[in-house]
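Chemist: Sharing a structure, written as structure tokens. Questions coming.
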Amino acid sequence: MKQAKRLQKLPEQFFSKLVQDVNQKIREGVDVINLGQGNPDQPTPEHIVKALARAAEDPQNHKYSLFRGKPELKQAAAHFYQKEYGVSLDPETEIAILFGSKAGLVELPLCFLNEGDLMLLPDPGYPDYLSGISLADARFETMPLREENQFLPDYREIDAESLEQAKLMFLNYPNNPTGAAATSTFFDETIQVARENEIGVVHDFAYGAIGFEAEKPVSFLMREGAKDVGIELYTLSKTYNMAGWRVGFAAGNREMIEAINLLQDHLYVSLFPAIQDAACAALLDSGEAVRKQNDLYRSRRDAFFNAAQKIGWQGSAPAGSFFAWMKVPAGFTSSGFAKFLLEEAGVAVADGSGFGTFGEGYVRIGLLVSEARLEEAVRRIGELAIFQKPEENFIKSY
């Protein structure tokens with residue numbers, strides 16, 4: 001059977017290739033320290049697991065779920081946003097349940113882009129943003145994220161014709177891969193640009209619970225007028241270590257929420273009801289487990305950067321997320337340096353160019369192993385000739 005053209009045009013799955021390379025080195029007997037992943041390493045909090053176990057025993061949850069999700073989960077999501085961000089949401093019309101936020105990110109271009117329509121994407125950005133655009137047979141332009149602008153797009157760089165043609169815009173703060181955080185002023189500017197050009201904004205808030213500044217990361221929906229122009233996607237994957245559970249939700253603009261629900265009516269019969277009950281337990285809890293997790297990531301961030309500073313490795317300490325965005329030594333490409341570290345030090349990192357053109361010159365570090373393993377990884381890297389004798393500009397042919 002020959003695959004449809006839409007499948008043949010899909011971009012290569014960046015993270016799948018990374019996993020293959022790491023697993024190959026492990027099969028060769030190498031003790032690989034994997035800093036390239038974005039998969040939380042801590043278990044789901046016990047009370048959420050117990051809530052799932054109880055719900056799974058209820059025969060009512062063995063039936064088909066309601067098409068658009070259980071009202072209790074949408075109410076829990078609305079309660080969560082009111083408690084955490086002071087945002088009021090109508091559970092029925094302003095929240096859509098998702099099979100993890102990745103599903104929503106792929107679905108939204110299908111909902112709003114016709115063949116040839118234009119979308120704006122951050123560069124660097126999450127590689128899977130491209131999947132929905134490809135399936136919709138749409139096109140995209142990128143918004144550069146530069147260090148000198150705190151890894152925020154500068155809308156003045158986008159030409160007027162592109163702004164006029166764009167139908168959707170993806171944003172993501174705290175940012176993957178840079179770890180940067182957005183400001184209220186930036187979101188206010190975004191809302192103005194979106195309103196003037198009739199662009200739907202999709203804010204990927206996957207790392208919304210992970211912030212290291214004095215105040216928690218800003219929700220796009222906190223800003224006046226946000227619901228007029230866009231939605232925010234929230235996942236329980238990072239906040240509650242529920243990556244494998246595949247549960248999240250979209251919140252905000254009613255027309256965008258209805259479009260997601262309509263498409264999903266034809267794709268799914270919603271999530272397993274017991275998982276929805278467990279998600280309620282997560283969203284309605286005290287938040288103590290989330291605060292402890294944040295402290296853990298902060299401690300790991302500090303341990304990693306203290307070690308990196310000692311060997312002279314420069315990078316950007318994240319304001320949020322569990323990623324560090326580290327500069328590549330002179331003479332290396334991002335891809336070459338990532339291969340070099342895996343081959344010579346047994347340390348896996350994510351090639352920055354896999355996140356876009358403006359990711360070149362960086363690698364992404366996942367703070368998802370213990371402090372001891374992070375320090376061991378930096379020690380191994382520091383023993384390489386490129387860091388021992390940088391004046392020799394040591395480069396291997398990677």
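Lettering and numbering for the structure tokens are positional, with chains as A, B, ... in the shown order, residues counted from 1 in each chain, and ligands counted from 1 in the shown order.
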When you look at segment 32-44 of chain A with a cut-off of 9 Å (counting only C-alpha atoms), what residues show up, excluding the ones that are within fewer than 3 positions of it in the same chain? I need them as a PyMOL selection string.
Modeler: chain A and resi 15+18-19+22-23+25-26+29+47-49+237-238+240-243+293+322-323+342+345-351+363-369+373-374+376-377
Chemist: To test your reading of the structure, identify every residue in segment 75-311 of chain A that backbone DSSP assigns to alpha helix (DSSP H), and report it as a PyMOL selection string.
Modeler: chain A and resi 75-85+100-112+129-135+160-165+184-197+226-229+236-239+254-267+273-283+288-311
Chemist: Of the candidates A:Leu271, A:Ala138, A:Ile231, A:Ala180, which shows the shortest atom-to-atom distance to Ile199 of chain A, using only C-alpha atoms?
Modeler: A:Ile231
Chemist: Expressed in Å to a single decimal, how great is the separation between atom CA of Asp228 of chain A and atom CA of Asn253 of chain A?
Modeler: 6.0 Å
Chemist: With distances taken over only C-alpha atoms, which residue among A:Val247, A:Gly315, A:Ala103, A:Asp204 lies nearest Ala274 of chain A?
Modeler: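 Nearest candidate to Ala274 of chain A out of A:Val247, A:Gly315, A:Ala103, A:Asp204: A:Val247.
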Chemist: Just the residues within 12 Å of Ala279 of chain A, please, counting only C-alpha atoms, with nothing from its chain fewer than 4 positions along; format it as number ranges by chain.
Modeler: A: 44-45, 47-52, 55, 69-70, 72-77, 80, 97-100, 235-237, 239-243, 245-249, 271-275, 283-285
Chemist: Excluding Gly200 of chain A and any residue of its chain fewer than 3 positions from it, enumerate the residues within 7 Å of it, using only C-alpha atoms, and give them as JSON, numbers by chain.
Modeler: {"A": [167, 168, 169, 194, 229, 230]}
Chemist: What's the 9 Å shell around Gly211 of chain A, counting only C-alpha atoms, without same-chain residues fewer than 6 positions away, as a list in words?
Modeler: Pro174, Ala181, Pro217, Asn294, Arg298, Pro318, Ala319, Gly320, Ser321 and Phe322 of chain A
Chemist: Deliver the residues from the most recent selection as a file, using all heavy atoms, as a PDB file, in the first residue's frame.
Modeler:
ATOM      1  N   PRO A 174       6.693  29.545  29.619  1.00  0.00           N
ATOM      2  CA  PRO A 174       8.129  29.380  29.496  1.00  0.00           C
ATOM      3  C   PRO A 174       8.476  28.544  28.265  1.00  0.00           C
ATOM      4  O   PRO A 174       7.769  27.598  27.927  1.00  0.00           O
ATOM      5  CB  PRO A 174       8.536  28.681  30.785  1.00  0.00           C
ATOM      6  CG  PRO A 174       7.484  29.117  31.780  1.00  0.00           C
ATOM      7  CD  PRO A 174       6.215  29.182  30.977  1.00  0.00           C
ATOM      8  N   ALA A 181      11.141  33.294  29.664  1.00  0.00           N
ATOM      9  CA  ALA A 181       9.787  33.577  30.147  1.00  0.00           C
ATOM     10  C   ALA A 181       9.246  34.812  29.439  1.00  0.00           C
ATOM     11  O   ALA A 181      10.000  35.698  29.041  1.00  0.00           O
ATOM     12  CB  ALA A 181       9.798  33.796  31.653  1.00  0.00           C
ATOM     13  N   PRO A 217       5.243  32.050  36.213  1.00  0.00           N
ATOM     14  CA  PRO A 217       5.087  32.399  34.802  1.00  0.00           C
ATOM     15  C   PRO A 217       3.715  32.982  34.504  1.00  0.00           C
ATOM     16  O   PRO A 217       2.705  32.590  35.090  1.00  0.00           O
ATOM     17  CB  PRO A 217       5.289  31.052  34.098  1.00  0.00           C
ATOM     18  CG  PRO A 217       6.188  30.282  35.012  1.00  0.00           C
ATOM     19  CD  PRO A 217       5.755  30.674  36.395  1.00  0.00           C
ATOM     20  N   ASN A 294       8.984  22.111  41.735  1.00  0.00           N
ATOM     21  CA  ASN A 294       9.643  23.331  41.283  1.00  0.00           C
ATOM     22  C   ASN A 294      10.967  23.534  42.009  1.00  0.00           C
ATOM     23  O   ASN A 294      11.976  23.938  41.421  1.00  0.00           O
ATOM     24  CB  ASN A 294       8.718  24.531  41.524  1.00  0.00           C
ATOM     25  CG  ASN A 294       8.624  25.436  40.326  1.00  0.00           C
ATOM     26  OD1 ASN A 294       8.669  24.974  39.187  1.00  0.00           O
ATOM     27  ND2 ASN A 294       8.482  26.721  40.563  1.00  0.00           N
ATOM     28  N   ARG A 298      14.704  23.772  40.365  1.00  0.00           N
ATOM     29  CA  ARG A 298      15.560  24.922  40.660  1.00  0.00           C
ATOM     30  C   ARG A 298      16.914  24.462  41.179  1.00  0.00           C
ATOM     31  O   ARG A 298      17.968  24.970  40.775  1.00  0.00           O
ATOM     32  CB  ARG A 298      14.894  25.846  41.680  1.00  0.00           C
ATOM     33  CG  ARG A 298      15.751  27.080  42.026  1.00  0.00           C
ATOM     34  CD  ARG A 298      15.111  27.934  43.086  1.00  0.00           C
ATOM     35  NE  ARG A 298      13.945  28.646  42.591  1.00  0.00           N
ATOM     36  CZ  ARG A 298      12.691  28.347  42.878  1.00  0.00           C
ATOM     37  NH1 ARG A 298      12.425  27.310  43.693  1.00  0.00           N
ATOM     38  NH2 ARG A 298      11.691  29.047  42.399  1.00  0.00           N
ATOM     39  N   PRO A 318      17.582  28.940  32.662  1.00  0.00           N
ATOM     40  CA  PRO A 318      16.156  29.111  32.376  1.00  0.00           C
ATOM     41  C   PRO A 318      15.431  29.911  33.450  1.00  0.00           C
ATOM     42  O   PRO A 318      15.670  29.736  34.644  1.00  0.00           O
ATOM     43  CB  PRO A 318      15.639  27.672  32.323  1.00  0.00           C
ATOM     44  CG  PRO A 318      16.586  26.897  33.186  1.00  0.00           C
ATOM     45  CD  PRO A 318      17.928  27.547  32.981  1.00  0.00           C
ATOM     46  N   ALA A 319      14.521  30.782  33.008  1.00  0.00           N
ATOM     47  CA  ALA A 319      13.607  31.454  33.929  1.00  0.00           C
ATOM     48  C   ALA A 319      12.439  30.542  34.251  1.00  0.00           C
ATOM     49  O   ALA A 319      11.779  30.677  35.274  1.00  0.00           O
ATOM     50  CB  ALA A 319      13.110  32.759  33.314  1.00  0.00           C
ATOM     51  N   GLY A 320      12.188  29.586  33.354  1.00  0.00           N
ATOM     52  CA  GLY A 320      11.135  28.598  33.530  1.00  0.00           C
ATOM     53  C   GLY A 320      11.441  27.383  32.686  1.00  0.00           C
ATOM     54  O   GLY A 320      12.434  27.355  31.959  1.00  0.00           O
ATOM     55  N   SER A 321      10.611  26.373  32.763  1.00  0.00           N
ATOM     56  CA  SER A 321      10.791  25.076  32.089  1.00  0.00           C
ATOM     57  C   SER A 321      11.889  24.290  32.796  1.00  0.00           C
ATOM     58  O   SER A 321      12.489  24.763  33.761  1.00  0.00           O
ATOM     59  CB  SER A 321      11.102  25.227  30.594  1.00  0.00           C
ATOM     60  OG  SER A 321      12.481  25.440  30.367  1.00  0.00           O
ATOM     61  N   PHE A 322      12.182  23.083  32.278  1.00  0.00           N
ATOM     62  CA  PHE A 322      13.289  22.306  32.833  1.00  0.00           C
ATOM     63  C   PHE A 322      14.382  22.104  31.793  1.00  0.00           C
ATOM     64  O   PHE A 322      15.015  21.063  31.711  1.00  0.00           O
ATOM     65  CB  PHE A 322      12.823  20.963  33.412  1.00  0.00           C
ATOM     66  CG  PHE A 322      11.816  20.192  32.599  1.00  0.00           C
ATOM     67  CD1 PHE A 322      12.031  19.896  31.262  1.00  0.00           C
ATOM     68  CD2 PHE A 322      10.642  19.750  33.183  1.00  0.00           C
ATOM     69  CE1 PHE A 322      11.119  19.174  30.514  1.00  0.00           C
ATOM     70  CE2 PHE A 322       9.707  19.014  32.453  1.00  0.00           C
ATOM     71  CZ  PHE A 322       9.959  18.724  31.114  1.00  0.00           C
TER      72      PHE A 322
END
Chemist: Can you list, as a compact mmCIF listing (two decimals) with N, CA, C and O atoms, in the first residue's frame, every protein, DNA or RNA residue that comes within 6 Å of segment 141-143 of chain A when you count only C-alpha atoms, leaving out same-chain residues fewer than 4 positions away?
Modeler:
# COMPACT_ATOMS: atom_id res chain seq x y z
N LEU A 120 2.33 31.69 11.69
CA LEU A 120 3.59 32.20 12.26
C LEU A 120 4.05 31.29 13.39
O LEU A 120 3.26 30.96 14.29
N LEU A 121 5.32 30.90 13.35
CA LEU A 121 5.90 29.99 14.34
C LEU A 121 7.15 30.60 14.95
O LEU A 121 7.92 31.28 14.27
N PRO A 122 7.40 30.31 16.24
CA PRO A 122 8.66 30.76 16.85
C PRO A 122 9.82 29.92 16.35
O PRO A 122 9.68 28.73 16.07
N ASP A 123 11.00 30.55 16.24
CA ASP A 123 12.22 29.87 15.81
C ASP A 123 13.37 30.34 16.70
O ASP A 123 13.75 31.50 16.63
N PRO A 153 9.83 37.10 20.28
CA PRO A 153 9.79 37.61 18.91
C PRO A 153 9.61 39.12 18.88
O PRO A 153 8.95 39.69 19.76
Chemist: Contacts between segment 86-89 of chain A and segment 131-249 of chain A, please, where a residue of segment 131-249 of chain A counts if it comes within 12 Å (with only C-alpha atoms); show its shortest atom pair and distance in Å to one decimal, rows by chain and ascending number, as JSON lines.
Modeler:
{"residue": "A:Val218", "atom": "CA", "partner": "A:Gly86", "partner_atom": "CA", "distance": 11.2}
{"residue": "A:Ser219", "atom": "CA", "partner": "A:Val87", "partner_atom": "CA", "distance": 9.0}
{"residue": "A:Phe220", "atom": "CA", "partner": "A:Val87", "partner_atom": "CA", "distance": 10.0}
{"residue": "A:Leu221", "atom": "CA", "partner": "A:Val87", "partner_atom": "CA", "distance": 6.7}
{"residue": "A:Met222", "atom": "CA", "partner": "A:Val87", "partner_atom": "CA", "distance": 6.0}
{"residue": "A:Arg223", "atom": "CA", "partner": "A:Val87", "partner_atom": "CA", "distance": 9.1}
{"residue": "A:Glu224", "atom": "CA", "partner": "A:Val87", "partner_atom": "CA", "distance": 10.2}
{"residue": "A:Gly225", "atom": "CA", "partner": "A:Val87", "partner_atom": "CA", "distance": 11.8}
{"residue": "A:Ala226", "atom": "CA", "partner": "A:Val87", "partner_atom": "CA", "distance": 10.6}
{"residue": "A:Lys227", "atom": "CA", "partner": "A:Leu89", "partner_atom": "CA", "distance": 9.6}
{"residue": "A:Ile231", "atom": "CA", "partner": "A:Leu89", "partner_atom": "CA", "distance": 11.3}
{"residue": "A:Glu232", "atom": "CA", "partner": "A:Val87", "partner_atom": "CA", "distance": 11.7}
